[in-house]
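Participant: A single structure is presented below for examination.
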Protein chains: 2
Amino acid sequence: MANVPYKIYLNEEELPKKWLNIKAFMKELPEPFINPGTGKPCTADELKPVFCDELVAQEMNTTDKFIDIPEDIQAFYKMFRPSPVVRAYNLEKALGTPAEIYYKFEGTNTSGSHKLNSAAPQVYYAKKQGLTHLTTETGAGQWGTALSMAAAFYGIDLKVYMVKVSSEQKPYRKAVIETYGAEVIPSPSNTTEVGRKILAENPGTGGSLGCAISEAMETALKTPNCKYVLGSVLDHVILHQTIIGQELKTALDKYGVTPDVLIGCVGGGSNFGGLIAPYVADKIEGKNNIEIIAAEPASCPSLTRGKYAYDFGDTGKTTPLMKMYTLGNGFMPSPNHAGGLRFHGMSPIVSKLYHDGYFRAESYEQTKVFEAATLFARTEGTLPAPESSHAICCAIEEALKCKESGEKKTIVFGLSGTGYFDMTAYKAFHEGTMTDYIPTDEDLEKGFATLPQI
Amino acid sequence: MANVPYKIYLNEEELPKKWLNIKAFMKELPEPFINPGTGKPCTADELKPVFCDELVAQEMNTTDKFIDIPEDIQAFYKMFRPSPVVRAYNLEKALGTPAEIYYKFEGTNTSGSHKLNSAAPQVYYAKKQGLTHLTTETGAGQWGTALSMAAAFYGIDLKVYMVKVSSEQKPYRKAVIETYGAEVIPSPSNTTEVGRKILAENPGTGGSLGCAISEAMETALKTPNCKYVLGSVLDHVILHQTIIGQELKTALDKYGVTPDVLIGCVGGGSNFGGLIAPYVADKIEGKNNIEIIAAEPASCPSLTRGKYAYDFGDTGKTTPLMKMYTLGNGFMPSPNHAGGLRFHGMSPIVSKLYHDGYFRAESYEQTKVFEAATLFARTEGTLPAPESSHAICCAIEEALKCKESGEKKTIVFGLSGTGYFDMTAYKAFHEGTMTDYIPTDEDLEKGFATLPQI
């Protein structure tokens with residue numbers, strides 16, 4: 001094996017020119033979306049009032065193993081990609097492990113995360129279709145930031161419905177989005193029927209992602225030349241995120257590095273699905289037997305404690321029904337849970353791969369996650385996002401197992417972003433006021449009770 | 001010329017192994033430090049109670065053109081370097097200029113700026129000397145963050161005196177520094193004599209950089225095994241920052257790119273001095289005739305409106321006297337001025353080069369700077385630091401001159417950092433509440449009146 005540098009950067013000509021369509025590799029496809037009105041599988045035409053045509057086509061594509069990345073998007077990607085693959089020499093040393101640890105770092109752009117990988121094509125396709133306006137929702141703010149960057153670049157007007165409590169707790173996230181020229185509307189708002197209804201019923205509410213989704217969708221439907229875009233969960237978002245895993249594999253292959261263990265954090269599933277894509281495609285085809293692990297929060301444990309069932313994607317029950325691991329659309333993670341990874345459900349692709357046994361999942365309590373994050377920051381320099389730190393936590397656990405057993409495994413994880421806008425949570429951890437929350441079985445039953453009967 | 005990619009990354013083996021000592025290239029040396037007590041040039045022994053031995057040796061070194069970077073520091077640099085050289089294709093297009101624009105981007109590490117380039121060696125040398133404690137001051141917070149990262153890495157105890165008003169306005173900067181294990185003390189504080197004195201005289205004060213320096217120096221002198229470290233102005237800091245210019249030149253040379261214009265923002269001078277080092281060394285030796293421009297704020301115009309005179313480095317008048325461009329140690333920039341670049345003086349090396357005509361300086365009002373910053377963010381993706389945006393502003397001005405004249409110049413600038421912790425200023429700009437301030441001649445006279453008589 002060649003001497004591995006601290007950081008591996010691909011050259012521009014080595015960057016992927018196609019996205020990888022996992023569905024075309026799967027032996028069994030995920031179950032289709034169901035239209036809750038008809039009880040039948042959704043058609044493309046039923047999705048087009050809400051989503052761009054090209055994205056609907058990608059969502060429905062189950063046959064093409066690779067889909068060309070348009071040259072315009074390749075050019076946009078070059079603004080912030082390739083992202084580096086880093087050999088965590090200093091973390092290895094701090095842990096005293098014989099394992100080799102690598103991470104693919106998606107946080108070097110201003111959105112601070114992988115979200116820009118899908119924001120760019122989603123806005124590009126909207127522009128290409130002649131749209132002039134887009135709407136979306138954002139919770140923690142990474143998606144809203146990424147989308148505002150892409151919207152500024154392509155000259156599209158963007159309204160971001162930001163969960164009210166988040167827009168108040170993260171005024172700087174809001175300011176970044178506004179610097180990129182997008183309009184931030186704290187949700188619930190008076191700009192939509194659903195918002196006014198919720199405000200009338202509950203004037204003091206801090207909002208929720210489910211409510212913000214409903215407002216963004218309503219506005220998209222009522223605005224001429226406008227569609228709604230979503231930053232995770234859906235198949236086309238996972239498709240765009242496969243740029244992560246493909247770059248990772250190309251970089252590691254250059255140095256003859258084969259992962260024994262591949263770890264990603266998982267919330268809606270877009271980072272995880274994109275990270276594992278080329279490796280899981282090979283695994284499906286019997287070309288590797290890599291151990292893949294999804295790291296999720298113990299406070300919102302959709303894979304480790306959820307049900308594989310049809311459910312709505314939002315608490316407002318306005319989306320199609322998706323077959324996924326879910327805690328029930330009425331499940332609310334504890335407010336003390338920091339960062340993202342708060343979604344009650346999971347990408348249908350990721351859910352199906354999990355159901356079919358291609359990877360396992362582990363859950364972590366947040367104080368343990370912030371301990372891992374702090375060790376990582378102090379040894380590797382980069383201050384990680386709370387979300388990404390679930391993967392760090394899992395990687396450290398695996399590396400310590402190697403220390404115990406003496407195994408020299410190659411552990412690779414995805415570092416999906418930085419925590420520069422999450423300092424309130426770090427402060428709480430540092431000051432010892434951060435607490436953990438694990439839902440009781442009763443809490444889960446309450447969530448499951450909200451699952452639709454179909 | 002080879003086709004230039006969006007980003008040029010050097011390989012690890014191409015990274016500089018030596019720092020460049022500008023003084024050994026200069027035809028005339030900067031004037032020496034003067035001990036205000038004796039009126040005579042400072043000796044190394046007079047500096048050693050405050051600074052590490054190795055740093056004092058570097059400060060005094062006027063003969064070695066290159067100084068080896070210890071292997072330990074090279075390894076630390078590999079954690080966050082090389083930083084990319086970016087071809088600003090999208091900015092060029094937005095401006096419609098025939099000029100080619102490049103920038104060297106130092107903001108991809110968690111400190112968000114170039115400051116880590118000098119923090120690493122300063123802490124390394126302290127550790128090597130057997131020290132266990134360090135003190136410093138920080139205003140905007142970039143230096144405090146960088147030093148806390150290096151201190152965590154090398155296991156050194158660090159106290160950061162943070163200008164009180166800044167620690168209150170930037171609680172997240174404080175939280176980052178604390179995450180890296182350093183202690184943040186809002187200054188003035190009760191932990192020092194000078195702090196108690198200032199608090200007694202002026203209980204409601206928000207503090208100043210000068211006061212924080214005095215407190216950090218006092219604590220260093222009174223603590224066993226402790227020294228004080230400084231993040232700009234001094235010759236050894238500029239020495240460490242020459243890693244920027246050397247990487248830049250190696251990267252551009254690979255693609256046959258020769259700058260016609262080289263632009264850096266300038267506050268204390270360490271980023272600017274480090275950026276221009278190899279180019280100005282060649283210019284001194286008659287090997288190029290590159291146009292070099294220092295971009296400074298109109299509200300703190302030390303180069304464009306200051307005097308070349310001996311002055312103290314702090315308002316507390318505790319440092320040696322330095323010959324530099326200065327507005328007088330009593331000069332206070334308007335509180336409405338965002339970000340850093342608030343220092344009344346200027347690096348003696350940078351001052352001497354300016355005095356001898358190797359570059360020119362331009363000053364910019366802050367609303368114009370934030371306009372440039374916003375255009376840059378929207379076209380190039382990255383949200384720049386207010387400090388760095390002075391260089392962007394100057395580069396845009398030069399590019400628009402080319403548009404007028406039709407000249408196809410190559411414009412290169414240093415983007416010293418990101419603005420992720422400066423969103424209060426961006427918010428003020430966005431909301432239209434940001435104002436400009438240009439000191440009147442009377443304001444300047446008041447500052448000049450505080451210059452020492454020697």
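A note on labels: chains of the structure tokens are A, B, ... as shown, every chain counts residues from 1, and ligands are counted from 1 in their shown order.
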List every residue of stretch 116-307 of chain A that DSSP, applied to the backbone, labels as strand (DSSP E), and write the result as a PyMOL selection string.

Facilitator: chain A and resi 133-138+157-163+183-187+226-228+261-265+291-297+307

Participant: Got a sec: who's within 12 Å of B:Leu29, counting only C-alpha atoms, leaving out chain neighbours fewer than 3 positions off, as a ChimeraX atom specification?

Facilitator: /B:21-26,32-33,60-63,235,323,348-353,355-356

Participant: Got a sec to pull out which chain A residues are within 8 Å of chain B, counting only C-alpha atoms, and send them as a JSON list (two decimals) with C-alpha atoms, in the first residue's frame?

Facilitator:
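Saved the output as iface-v1.json:
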[["chain", "number", "residue", "atom", "x", "y", "z"],
["A", 5, "PRO", "CA", -1.27, 11.16, 3.26],
["A", 6, "TYR", "CA", -3.27, 12.93, 5.95],
["A", 7, "LYS", "CA", -5.72, 14.06, 3.32],
["A", 9, "TYR", "CA", -8.00, 15.06, -2.58],
["A", 12, "GLU", "CA", -11.09, 17.38, -10.97],
["A", 78, "LYS", "CA", -16.31, 21.97, -8.40],
["A", 79, "MET", "CA", -16.91, 25.07, -6.28],
["A", 80, "PHE", "CA", -16.90, 22.95, -3.13],
["A", 108, "THR", "CA", -15.74, 22.36, 4.04],
["A", 109, "ASN", "CA", -18.45, 24.43, 2.35],
["A", 110, "THR", "CA", -20.38, 27.33, 3.87],
["A", 149, "MET", "CA", -26.61, 29.08, -1.62],
["A", 152, "ALA", "CA", -28.47, 32.57, -5.06],
["A", 153, "PHE", "CA", -26.19, 30.92, -7.61],
["A", 172, "TYR", "CA", -27.04, 33.33, 12.89],
["A", 175, "ALA", "CA", -28.68, 35.54, 8.97],
["A", 176, "VAL", "CA", -26.59, 33.27, 6.71],
["A", 178, "GLU", "CA", -30.69, 35.89, 4.39],
["A", 179, "THR", "CA", -27.19, 36.85, 3.28],
["A", 180, "TYR", "CA", -27.72, 34.44, 0.40],
["A", 374, "THR", "CA", -14.89, 16.83, 21.90],
["A", 377, "ALA", "CA", -12.16, 18.21, 17.88],
["A", 378, "ARG", "CA", -9.12, 18.21, 20.14],
["A", 379, "THR", "CA", -7.20, 15.54, 18.25],
["A", 380, "GLU", "CA", -8.25, 16.03, 14.63],
["A", 381, "GLY", "CA", -8.81, 19.78, 14.79],
["A", 382, "THR", "CA", -12.24, 19.96, 13.19],
["A", 383, "LEU", "CA", -15.25, 20.73, 15.39],
["A", 420, "TYR", "CA", -20.01, 25.93, 14.02],
["A", 421, "PHE", "CA", -23.68, 26.85, 14.35],
["A", 423, "MET", "CA", -22.36, 25.97, 19.89],
["A", 424, "THR", "CA", -25.37, 26.23, 22.20],
["A", 426, "TYR", "CA", -21.54, 22.30, 22.93],
["A", 427, "LYS", "CA", -21.88, 24.95, 25.63],
["A", 430, "HIS", "CA", -19.25, 21.77, 28.45]]

Participant: What's the 10 Å shell around A:Val56, counting only C-alpha atoms, without same-chain residues fewer than 2 positions away, as a compact mmCIF listing (two decimals) with N, CA, C and O atoms, in the first residue's frame?

Facilitator:
# COMPACT_ATOMS: atom_id res chain seq x y z
N THR A 43 -48.55 7.90 -8.86
CA THR A 43 -48.01 8.01 -10.21
C THR A 43 -47.13 9.25 -10.28
O THR A 43 -47.20 10.13 -9.41
N ALA A 44 -46.31 9.30 -11.33
CA ALA A 44 -45.47 10.48 -11.55
C ALA A 44 -46.33 11.73 -11.63
O ALA A 44 -45.99 12.78 -11.06
N ASP A 45 -47.45 11.62 -12.31
CA ASP A 45 -48.32 12.79 -12.49
C ASP A 45 -48.86 13.31 -11.15
O ASP A 45 -49.14 14.51 -11.01
N GLU A 46 -49.01 12.41 -10.19
CA GLU A 46 -49.49 12.86 -8.88
C GLU A 46 -48.40 13.60 -8.10
O GLU A 46 -48.71 14.37 -7.19
N LEU A 47 -47.15 13.35 -8.45
CA LEU A 47 -46.06 14.02 -7.73
C LEU A 47 -45.69 15.36 -8.38
O LEU A 47 -45.14 16.25 -7.72
N LYS A 48 -45.99 15.50 -9.66
CA LYS A 48 -45.51 16.68 -10.41
C LYS A 48 -46.06 18.03 -9.97
O LYS A 48 -45.39 19.04 -10.15
N VAL A 50 -46.14 19.04 -7.10
CA VAL A 50 -45.31 19.46 -5.97
C VAL A 50 -43.83 19.52 -6.33
O VAL A 50 -43.13 20.46 -5.98
N PHE A 51 -43.34 18.51 -7.07
CA PHE A 51 -41.91 18.41 -7.36
C PHE A 51 -41.60 18.67 -8.84
O PHE A 51 -42.45 18.44 -9.70
N CYS A 52 -40.37 19.09 -9.12
CA CYS A 52 -39.92 19.29 -10.50
C CYS A 52 -40.00 17.99 -11.29
O CYS A 52 -39.74 16.91 -10.75
N ASP A 53 -40.27 18.13 -12.58
CA ASP A 53 -40.42 16.95 -13.44
C ASP A 53 -39.19 16.04 -13.40
O ASP A 53 -39.30 14.82 -13.27
N GLU A 54 -38.00 16.62 -13.52
CA GLU A 54 -36.78 15.83 -13.61
C GLU A 54 -36.54 15.07 -12.29
O GLU A 54 -36.08 13.93 -12.30
N GLN A 58 -36.33 11.03 -11.62
CA GLN A 58 -35.26 10.37 -10.86
C GLN A 58 -35.85 9.55 -9.73
O GLN A 58 -35.38 8.45 -9.43
N GLU A 59 -36.88 10.10 -9.10
CA GLU A 59 -37.53 9.40 -7.98
C GLU A 59 -38.09 8.06 -8.43
O GLU A 59 -38.05 7.08 -7.68
N MET A 60 -38.59 8.03 -9.67
CA MET A 60 -39.26 6.83 -10.19
C MET A 60 -38.30 5.87 -10.89
O MET A 60 -38.70 4.76 -11.26
N ASN A 61 -37.07 6.30 -11.13
CA ASN A 61 -36.14 5.49 -11.93
C ASN A 61 -35.61 4.31 -11.12
O ASN A 61 -34.89 4.49 -10.13
N ASP A 235 -35.85 9.36 -2.65
CA ASP A 235 -34.88 8.60 -3.44
C ASP A 235 -33.96 9.50 -4.26
O ASP A 235 -32.77 9.22 -4.40
N HIS A 236 -34.52 10.59 -4.81
CA HIS A 236 -33.67 11.45 -5.67
C HIS A 236 -32.63 12.21 -4.84
O HIS A 236 -31.57 12.56 -5.34

Participant: Could you jot down the atom CA of A:Pro70 to atom CA of A:Leu20 separation for me, Å, one decimal place?

Facilitator: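 Between atom CA of A:Pro70 and atom CA of A:Leu20 the gap is 13.7 Å.
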